[in-house]
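**Student:** Got query04.cif for you, mmCIF, C-alpha atoms:
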```cif
data_upload
#
loop_
_atom_site.label_atom_id
_atom_site.label_comp_id
_atom_site.auth_asym_id
_atom_site.auth_seq_id
_atom_site.Cartn_x
_atom_site.Cartn_y
_atom_site.Cartn_z
CA MET A 1 20.57 -19.38 -62.42
CA PRO A 2 21.57 -21.28 -59.21
CA ALA A 3 18.78 -23.13 -57.41
CA LEU A 4 19.65 -22.35 -53.74
CA THR A 5 18.38 -25.13 -51.45
CA GLY A 6 15.71 -23.71 -49.04
CA SER A 7 16.29 -20.21 -50.46
CA ALA A 8 19.03 -19.65 -47.88
CA THR A 9 19.64 -15.98 -48.69
CA GLY A 10 15.95 -15.09 -48.37
CA ASP A 11 15.69 -17.10 -45.15
CA VAL A 12 18.57 -15.17 -43.59
CA THR A 13 16.93 -11.85 -44.51
CA GLN A 14 13.58 -12.97 -43.09
CA LEU A 15 15.22 -14.24 -39.93
CA GLN A 16 17.13 -10.98 -39.51
CA ASN A 17 13.89 -9.02 -39.88
CA LYS A 18 12.12 -11.32 -37.43
CA LEU A 19 15.03 -11.05 -35.01
CA GLY A 20 14.95 -7.25 -35.17
CA SER A 21 11.20 -7.21 -34.52
CA THR A 22 11.51 -9.65 -31.61
CA GLN A 23 14.41 -7.71 -30.11
CA SER A 24 12.31 -4.54 -30.34
CA GLN A 25 9.45 -6.26 -28.54
CA LEU A 26 11.86 -7.57 -25.90
CA ASN A 27 13.32 -4.09 -25.29
CA SER A 28 9.82 -2.62 -25.01
CA ASN A 29 8.84 -5.41 -22.63
CA LYS A 30 11.93 -4.76 -20.48
CA GLN A 31 11.05 -1.05 -20.25
CA HIS A 32 7.48 -1.94 -19.26
CA GLU A 33 8.81 -4.45 -16.73
CA HIS A 34 11.12 -1.82 -15.23
CA SER A 35 8.22 0.63 -14.97
CA LEU A 36 6.05 -1.99 -13.25
CA ALA A 37 8.84 -2.92 -10.82
CA SER A 38 9.32 0.77 -9.93
CA ARG A 39 5.58 1.17 -9.33
CA VAL A 40 5.45 -1.97 -7.16
CA THR A 41 8.37 -0.64 -5.09
CA GLU A 42 6.61 2.72 -4.73
CA LEU A 43 3.38 1.00 -3.68
CA ASN A 44 5.26 -1.10 -1.12
CA GLY A 45 6.53 2.11 0.46
CA GLN A 46 3.07 3.69 0.47
CA VAL A 47 1.46 0.58 1.97
CA SER A 48 4.14 0.47 4.68
CA THR A 49 3.63 4.16 5.49
CA ILE A 50 -0.15 3.93 5.65
CA SER A 51 0.11 0.75 7.76
CA ASP A 52 2.15 2.71 10.31
CA GLN A 53 -0.49 5.45 10.26
CA VAL A 54 -3.28 2.92 10.76
CA GLN A 55 -1.46 1.40 13.73
CA LEU A 56 -0.92 4.85 15.25
CA VAL A 57 -4.59 5.83 14.82
CA GLN A 58 -5.75 2.49 16.21
CA SER A 59 -3.48 2.96 19.24
CA ARG A 60 -4.87 6.45 19.84
CA GLU A 61 -8.41 5.17 19.35
CA ALA A 62 -7.81 2.47 21.97
CA ASP A 63 -6.45 5.09 24.40
CA ALA A 64 -9.48 7.31 23.76
CA ARG A 65 -11.85 4.38 24.37
CA ASP A 66 -10.06 3.58 27.63
CA GLN A 67 -10.36 7.21 28.69
CA LEU A 68 -14.02 7.22 27.70
CA ALA A 69 -14.60 4.09 29.79
CA THR A 70 -12.91 5.82 32.75
CA TYR A 71 -15.16 8.87 32.33
CA ASP A 72 -18.22 6.66 32.02
CA ALA A 73 -17.29 4.85 35.24
CA ARG A 74 -16.73 8.14 37.06
CA LEU A 75 -20.00 9.50 35.70
CA ALA A 76 -21.87 6.40 36.86
CA ALA A 77 -20.25 6.72 40.33
CA ALA A 78 -21.18 10.40 40.48
CA ARG A 79 -24.77 9.61 39.55
CA LEU A 80 -24.94 7.01 42.31
CA ALA A 81 -23.49 9.48 44.79
CA VAL A 82 -25.97 12.15 43.70
CA ALA A 83 -28.84 9.69 44.11
CA ARG A 84 -27.54 8.72 47.56
CA GLU A 85 -27.25 12.34 48.66
CA GLU A 86 -30.70 13.05 47.25
CA ARG A 87 -32.15 10.19 49.33
CA HIS A 88 -30.30 11.52 52.38
CA LEU A 89 -31.65 15.00 51.68
CA THR A 90 -35.15 13.62 51.41
CA HIS A 91 -34.76 11.89 54.77
CA VAL A 92 -33.45 15.09 56.37
CA ARG A 93 -36.39 16.99 54.92
CA HIS A 94 -38.76 14.46 56.50
CA VAL A 95 -36.96 14.92 59.82
CA LEU A 96 -37.24 18.70 59.47
CA ALA A 97 -40.89 18.42 58.63
CA HIS A 98 -41.48 16.27 61.72
CA ALA A 99 -39.47 18.71 63.84
CA ARG A 100 -41.45 21.62 62.44
CA ARG A 101 -44.72 19.92 63.30
CA ALA A 102 -43.45 19.15 66.80
CA LEU A 103 -42.36 22.77 67.27
CA ALA A 104 -45.63 24.01 65.90
CA ASP A 105 -47.54 21.80 68.35
CA GLU A 106 -45.36 23.06 71.19
CA LEU A 107 -45.99 26.68 70.22
CA VAL A 108 -49.70 26.05 70.02
CA SER A 109 -49.60 24.29 73.39
CA GLN A 110 -47.67 27.14 74.96
CA TYR A 111 -50.07 29.66 73.47
CA GLU A 112 -53.15 27.80 74.65
CA GLN A 113 -51.79 27.04 78.10
CA PRO A 114 -50.13 29.67 80.23
CA GLN A 115 -46.44 29.17 80.50
CA GLN A 116 -45.55 27.70 83.82
CA SER A 117 -43.61 30.04 85.98
CA MET A 118 -41.10 29.01 88.56
CA VAL A 119 -43.67 29.80 91.25
CA SER A 120 -46.32 27.52 89.68
CA VAL A 121 -43.75 24.74 89.34
CA LEU A 122 -42.84 25.17 93.04
CA VAL A 123 -46.44 25.29 94.15
CA ASN A 124 -47.59 22.33 92.10
CA SER A 125 -44.60 20.18 92.93
CA LYS A 126 -45.07 17.64 95.64
CA GLY A 127 -41.80 17.52 97.26
CA PHE A 128 -38.32 18.55 96.32
CA GLN A 129 -37.61 15.53 94.21
CA GLN A 130 -40.62 16.12 91.97
CA LEU A 131 -39.56 19.74 91.63
CA LEU A 132 -36.10 18.67 90.40
CA ASP A 133 -37.62 16.17 87.99
CA ARG A 134 -39.91 18.79 86.46
CA LEU A 135 -37.15 21.35 86.10
CA GLN A 136 -34.80 18.77 84.55
CA TYR A 137 -37.51 17.61 82.14
CA LEU A 138 -38.29 21.13 81.00
CA SER A 139 -34.60 21.87 80.46
CA MET A 140 -34.03 18.61 78.55
CA ALA A 141 -37.05 19.21 76.34
CA ARG A 142 -35.83 22.65 75.36
CA ARG A 143 -32.34 21.27 74.62
CA GLN A 144 -33.77 18.46 72.51
CA GLU A 145 -35.88 20.89 70.54
CA GLN A 146 -32.87 23.08 69.93
CA SER A 147 -30.70 20.05 69.04
CA VAL A 148 -33.26 18.82 66.55
CA ILE A 149 -33.42 22.22 64.94
CA THR A 150 -29.61 22.53 64.75
CA PHE A 151 -29.18 19.00 63.40
CA ALA A 152 -31.85 19.47 60.79
CA ARG A 153 -30.34 22.73 59.58
CA ALA A 154 -26.81 21.25 59.39
CA ALA A 155 -28.02 18.14 57.62
CA ARG A 156 -29.95 20.18 55.12
CA SER A 157 -26.93 22.41 54.42
CA HIS A 158 -24.65 19.40 54.10
CA ALA A 159 -27.00 17.59 51.76
CA GLU A 160 -27.57 20.63 49.59
CA ALA A 161 -23.80 21.33 49.39
CA ALA A 162 -23.03 17.72 48.56
CA ALA A 163 -25.73 17.64 45.92
CA ALA A 164 -24.36 20.86 44.39
CA ARG A 165 -20.80 19.49 44.33
CA LEU A 166 -21.90 16.22 42.79
CA ILE A 167 -23.94 18.02 40.15
CA VAL A 168 -20.85 20.06 39.21
CA LEU A 169 -18.78 16.87 39.12
CA GLN A 170 -21.42 15.13 37.08
CA HIS A 171 -21.52 18.02 34.65
CA GLY A 172 -17.71 17.98 34.32
CA ASP A 173 -17.59 14.23 33.77
CA THR A 174 -20.41 14.46 31.25
CA SER A 175 -18.51 17.16 29.32
CA ALA A 176 -15.29 15.14 29.45
CA ALA A 177 -17.13 12.01 28.37
CA ASP A 178 -18.71 13.88 25.45
CA THR A 179 -15.29 15.19 24.43
CA ALA A 180 -13.79 11.70 24.67
CA GLN A 181 -16.68 10.27 22.66
CA THR A 182 -16.21 12.92 19.97
CA GLN A 183 -12.49 12.16 19.83
CA THR A 184 -13.16 8.43 19.67
CA ASN A 185 -15.63 8.91 16.81
CA ALA A 186 -13.16 11.10 14.93
CA LEU A 187 -10.38 8.54 15.36
CA ALA A 188 -12.71 5.75 14.27
CA GLY A 189 -13.50 7.75 11.12
CA MET A 190 -9.80 8.31 10.43
CA ASN A 191 -9.16 4.62 10.96
CA ALA A 192 -11.90 3.72 8.46
CA VAL A 193 -10.50 6.13 5.84
CA LEU A 194 -6.92 4.92 6.29
CA SER A 195 -8.03 1.28 6.20
CA SER A 196 -9.89 1.95 2.97
CA GLN A 197 -6.81 3.62 1.46
CA GLN A 198 -4.65 0.72 2.66
CA ALA A 199 -6.99 -1.80 1.01
CA ALA A 200 -7.01 0.20 -2.25
CA LEU A 201 -3.21 0.42 -2.30
CA SER A 202 -2.91 -3.29 -1.52
CA ASP A 203 -5.28 -4.11 -4.39
CA GLU A 204 -3.30 -1.90 -6.77
CA ARG A 205 -0.05 -3.46 -5.60
CA SER A 206 -1.48 -6.95 -6.22
CA ALA A 207 -2.59 -5.90 -9.71
CA GLN A 208 0.80 -4.34 -10.52
CA SER A 209 2.61 -7.40 -9.15
CA ALA A 210 0.46 -9.67 -11.32
CA ALA A 211 1.20 -7.47 -14.34
CA LEU A 212 4.91 -7.57 -13.49
CA SER A 213 4.83 -11.37 -13.29
CA ALA A 214 3.06 -11.55 -16.65
CA SER A 215 5.59 -9.12 -18.17
CA GLN A 216 8.47 -11.16 -16.79
CA ALA A 217 6.96 -14.34 -18.27
CA GLN A 218 6.50 -12.61 -21.62
CA GLY A 219 10.08 -11.34 -21.44
CA ALA A 220 11.34 -14.86 -20.84
CA GLN A 221 9.35 -16.07 -23.85
CA LEU A 222 10.74 -13.27 -26.02
CA GLN A 223 14.26 -13.98 -24.81
CA SER A 224 13.80 -17.63 -25.71
CA ALA A 225 12.42 -16.62 -29.11
CA VAL A 226 15.45 -14.36 -29.72
CA ALA A 227 17.79 -17.22 -28.88
CA THR A 228 15.90 -19.55 -31.21
CA ILE A 229 15.91 -17.02 -34.06
CA GLU A 230 19.63 -16.39 -33.58
CA LYS A 231 20.29 -20.12 -33.87
CA GLN A 232 18.12 -20.28 -36.97
CA GLU A 233 19.96 -17.30 -38.44
CA GLN A 234 23.32 -18.92 -37.80
CA ALA A 235 22.10 -22.13 -39.39
CA ALA A 236 20.78 -20.20 -42.42
CA GLU A 237 24.07 -18.34 -42.81
CA GLN A 238 25.95 -21.61 -42.70
CA ALA A 239 23.52 -23.05 -45.24
CA GLU A 240 24.08 -19.99 -47.44
CA GLN A 241 27.83 -20.53 -47.32
CA THR A 242 27.64 -24.29 -47.99
CA VAL A 243 24.70 -24.28 -50.41
CA SER A 244 25.00 -26.82 -53.17
CA TYR A 245 23.84 -26.33 -56.70
CA SER A 246 21.98 -28.69 -58.98
CA SER A 247 23.79 -30.76 -61.62
CA GLY A 248 24.56 -29.08 -64.97
CA GLY A 249 27.90 -27.42 -64.46
CA GLU A 250 26.81 -25.43 -61.36
CA LEU A 251 29.30 -25.54 -58.52
CA GLY A 252 29.08 -24.63 -54.81
CA ALA A 253 31.44 -23.17 -52.25
CA THR A 254 33.02 -26.56 -51.66
CA ALA A 255 34.00 -27.01 -55.30
CA GLY A 256 37.35 -25.28 -54.83
CA TRP A 257 37.79 -21.79 -56.27
CA ALA A 258 40.89 -19.92 -57.24
CA ILE A 259 39.58 -16.65 -55.75
CA PRO A 260 37.32 -15.96 -52.71
CA TYR A 261 33.90 -17.56 -53.12
CA LYS A 262 32.03 -14.33 -52.33
CA ILE A 263 33.55 -12.71 -55.40
CA VAL A 264 32.58 -15.75 -57.48
CA LEU A 265 28.97 -15.52 -56.25
CA CYS A 266 28.90 -11.81 -57.01
CA GLU A 267 30.40 -12.25 -60.49
CA SER A 268 28.69 -15.38 -61.82
CA GLY A 269 26.70 -17.01 -59.04
CA GLY A 270 29.01 -19.99 -59.43
CA GLU A 271 27.89 -20.67 -63.05
CA ASN A 272 29.92 -20.99 -66.24
CA LEU A 273 28.21 -18.02 -67.90
CA PRO A 274 28.47 -17.06 -71.59
CA PRO A 275 29.92 -13.65 -72.52
CA ASN A 276 28.04 -10.63 -71.22
CA SER A 277 27.73 -7.28 -73.03
CA ALA A 278 31.37 -6.50 -72.16
CA GLY A 279 32.56 -9.92 -73.30
CA ALA A 280 33.39 -11.32 -69.82
CA SER A 281 32.50 -15.00 -69.44
CA GLY A 282 33.00 -18.19 -67.44
CA TYR A 283 32.98 -18.86 -63.75
CA TYR A 284 35.22 -15.87 -63.05
CA GLN A 285 33.81 -13.48 -65.67
CA ILE A 286 37.18 -12.93 -67.37
CA LEU A 287 37.47 -10.58 -70.37
CA PRO A 288 38.90 -12.14 -73.61
CA SER A 289 41.97 -9.88 -73.55
CA THR A 290 42.71 -10.70 -69.92
CA TRP A 291 42.05 -14.38 -70.59
CA ARG A 292 44.60 -14.51 -73.38
CA GLY A 293 47.03 -12.21 -71.54
CA PHE A 294 47.27 -14.69 -68.62
CA GLY A 295 47.70 -17.77 -70.85
CA GLY A 296 44.15 -18.91 -71.43
CA SER A 297 43.48 -21.09 -74.48
CA GLY A 298 40.64 -20.57 -76.86
CA ALA A 299 38.66 -17.47 -77.75
CA ALA A 300 36.86 -17.07 -74.38
CA ALA A 301 37.04 -18.33 -70.80
CA TYR A 302 33.63 -20.10 -70.75
CA LEU A 303 34.85 -22.42 -73.57
CA ALA A 304 37.66 -23.78 -71.37
CA SER A 305 37.41 -26.35 -68.58
CA LYS A 306 36.96 -25.26 -64.98
CA SER A 307 40.45 -26.40 -64.10
CA GLU A 308 41.94 -24.12 -66.78
CA GLN A 309 39.70 -21.25 -65.66
CA ASP A 310 40.89 -21.87 -62.09
CA ALA A 311 44.56 -21.74 -63.21
CA VAL A 312 44.11 -18.50 -65.18
CA ALA A 313 42.06 -16.88 -62.40
CA SER A 314 44.71 -17.87 -59.85
CA ARG A 315 47.41 -16.15 -61.94
CA ILE A 316 45.21 -13.05 -62.29
CA TRP A 317 44.42 -13.02 -58.55
CA ASN A 318 48.11 -13.46 -57.64
CA GLY A 319 47.49 -13.72 -53.90
CA GLY A 320 45.21 -10.70 -53.91
CA ALA A 321 47.48 -8.39 -55.89
CA GLY A 322 45.11 -8.65 -58.84
CA ALA A 323 41.87 -8.27 -56.88
CA SER A 324 41.12 -5.02 -58.71
CA ASN A 325 40.47 -7.04 -61.92
CA TRP A 326 37.07 -7.99 -60.39
CA ALA A 327 34.60 -5.22 -59.63
CA CYS A 328 32.92 -7.49 -57.08
CA SER A 329 36.10 -7.40 -55.01
CA ALA A 330 35.27 -3.84 -53.98
CA ILE A 331 31.54 -4.61 -53.72
CA THR A 332 32.04 -7.56 -51.32
CA GLY A 333 34.91 -5.93 -49.47
CA VAL A 334 37.21 -8.93 -50.19
CA THR A 335 40.72 -8.04 -51.34
#
```
How does this structure look as structure tokens?
**Tutor:**
Amino acid sequence: MPALTGSATGDVTQLQNKLGSTQSQLNSNKQHEHSLASRVTELNGQVSTISDQVQLVQSREADARDQLATYDARLAAARLAVAREERHLTHVRHVLAHARRALADELVSQYEQPQQSMVSVLVNSKGFQQLLDRLQYLSMARRQEQSVITFARAARSHAEAAAARLIVLQHGDTSAADTAQTQTNALAGMNAVLSSQQAALSDERSAQSAALSASQAQGAQLQSAVATIEKQEQAAEQAEQTVSYSSGGELGATAGWAIPYKIVLCESGGENLPPNSAGASGYYQILPSTWRGFGGSGAAAYLASKSEQDAVASRIWNGGAGASNWACSAITGVT
């Protein structure tokens, strides 16, 4: 049997199997890489969308806080105004109280002392000038009393109306401020939720991107391995075609054959074999009848030299016209 250097045929088969397995891994890796790239693209879109939503909510939250600050300022101003009007109302009430005491004293005085008549004023007056002074004084006193009463009543009405208006305004601003605060809190909650979702999506995108990078690196390694195996396979095939045999009558592909070497390998393995059960022998496995029919000397082909076997085989082959004389011609597909 031929001793093939490095077992070239087995190496080619192993390399082909290894190449198929590596190619399968590479295809699977490419599918996984495509899936990861699609997911990263999808996550990029989601992150972009939620970023826009976060910006919108933050803008609305800022507007709501500005509005709340405006309401707070108005509420503080209204409270100051209410306090001012309340102080004014307190002052007016003190004035009214003083006026009431003065009027009460006047009433008591008028009740205890008989009201002066015009006659008593005339009688008790010493001269015309004194009479005019007393009459003018009495008239001015009555007008002052009436003026104090009128002023006090108007001031009280004004203060009470102002206080009522400011209370209504304060109530409205308080309600608006509460509404703005509620809106601000709601927007802050939405912002927190969206920010959390944005962070989660960003983390997932980072993880998927890392996985994609790892898959791409693995794909590059597999691609390099495929290239290496293909080179090894080519080298093994070349070694199979140029394999040399050990000494002892065993010949290789470079020995020069009268028919295609693949047929020789299939028929005899490149050895000068003795007759088989059908009687075929030699390098070309020629039957005795065929051997003699094409001018071979001796009883069998294996007994002749290689050069004579080459000459007989060349006449049998006849440029391919006699390929059917070798069963291996059909097996190897060489005609």
**Student:** Identify the residues within 12 Å of coordinate (43.1, -17.4, -54.4) (same frame as the file), considering all atoms listed in the file, and give the answer as a list in words.
**Tutor:**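 Checked against the point, the hits come out as Gly256, Trp257, Ala258, Ile259, Pro260, Tyr261, Lys262, Ile263, Val264, Tyr284, Asp310, Ala311, Val312, Ala313, Ser314, Arg315, Ile316, Trp317, Asn318, Gly319, Gly320, Ala321, Gly322, Ala323, Val334 and Thr335 of chain A.
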**Student:** Given the PyMOL selection byres ((chain A and resi 71) around 8) and the file above, list the residues it selects as a VMD selection string.
**Tutor:** chain A and resid 67 to 70 72 to 75 173 to 174 176 to 177
**Student:** Given the file shown, determine the residues that the PyMOL selection byres ((chain A and resi 47) around 10) selects; report them as a PDB file with C-alpha atoms, keeping the file's coordinate frame.
**Tutor:**
```pdb
ATOM      1  CA  THR A  41       8.370  -0.640  -5.090  1.00  0.00           C
ATOM      2  CA  GLU A  42       6.610   2.720  -4.730  1.00  0.00           C
ATOM      3  CA  LEU A  43       3.380   1.000  -3.680  1.00  0.00           C
ATOM      4  CA  ASN A  44       5.260  -1.100  -1.120  1.00  0.00           C
ATOM      5  CA  GLY A  45       6.530   2.110   0.460  1.00  0.00           C
ATOM      6  CA  GLN A  46       3.070   3.690   0.470  1.00  0.00           C
ATOM      7  CA  SER A  48       4.140   0.470   4.680  1.00  0.00           C
ATOM      8  CA  THR A  49       3.630   4.160   5.490  1.00  0.00           C
ATOM      9  CA  ILE A  50      -0.150   3.930   5.650  1.00  0.00           C
ATOM     10  CA  SER A  51       0.110   0.750   7.760  1.00  0.00           C
ATOM     11  CA  ASP A  52       2.150   2.710  10.310  1.00  0.00           C
ATOM     12  CA  GLN A  53      -0.490   5.450  10.260  1.00  0.00           C
ATOM     13  CA  GLN A 197      -6.810   3.620   1.460  1.00  0.00           C
ATOM     14  CA  GLN A 198      -4.650   0.720   2.660  1.00  0.00           C
ATOM     15  CA  ALA A 199      -6.990  -1.800   1.010  1.00  0.00           C
ATOM     16  CA  ALA A 200      -7.010   0.200  -2.250  1.00  0.00           C
ATOM     17  CA  LEU A 201      -3.210   0.420  -2.300  1.00  0.00           C
ATOM     18  CA  SER A 202      -2.910  -3.290  -1.520  1.00  0.00           C
ATOM     19  CA  ARG A 205      -0.050  -3.460  -5.600  1.00  0.00           C
TER      20      ARG A 205
END
```
**Student:** For CA of Pro275 in chain A and CA of Ile331 in chain A, quote the distance in Å rounded to one decimal.
**Tutor:** 20.9 Å
**Student:** Report, in Å to a single decimal, how far apart CA of Arg101 in chain A and CA of Ala154 in chain A are.
**Tutor:** 18.4 Å
**Student:** Near Arg65 in chain A, counting only C-alpha atoms, which residues have an atom at most 8 Å away, once you skip same-chain residues fewer than 5 positions from it, shown as a PDB file with C-alpha atoms, in the frame of the given file?
**Tutor:**
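Result file is out-v6.pdb:
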```pdb
ATOM      1  CA  ALA A 180     -13.790  11.700  24.670  1.00  0.00           C
ATOM      2  CA  GLN A 181     -16.680  10.270  22.660  1.00  0.00           C
ATOM      3  CA  THR A 184     -13.160   8.430  19.670  1.00  0.00           C
TER       4      THR A 184
END
```
**Student:** One decimal, Å: what's the distance from CA of Val95 in chain A over to CA of Asp133 in chain A, could you say?
**Tutor:** 28.2 Å
**Student:** How would you write, as a PyMOL selection string, the residues chosen by the PyMOL selection byres ((chain A and resi 290) around 10) on this structure?
**Tutor:** chain A and resi 280+286-289+291-296+300-301+312-313+316+325
**Student:** Using all atoms listed in the file, pick whichever of A:Leu26, A:Leu132, A:Val57, A:Ala37 has the shortest atom-to-atom distance to Gln208 in chain A.
**Tutor:**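 Of all the options, A:Ala37 lies closest to Gln208 in chain A.
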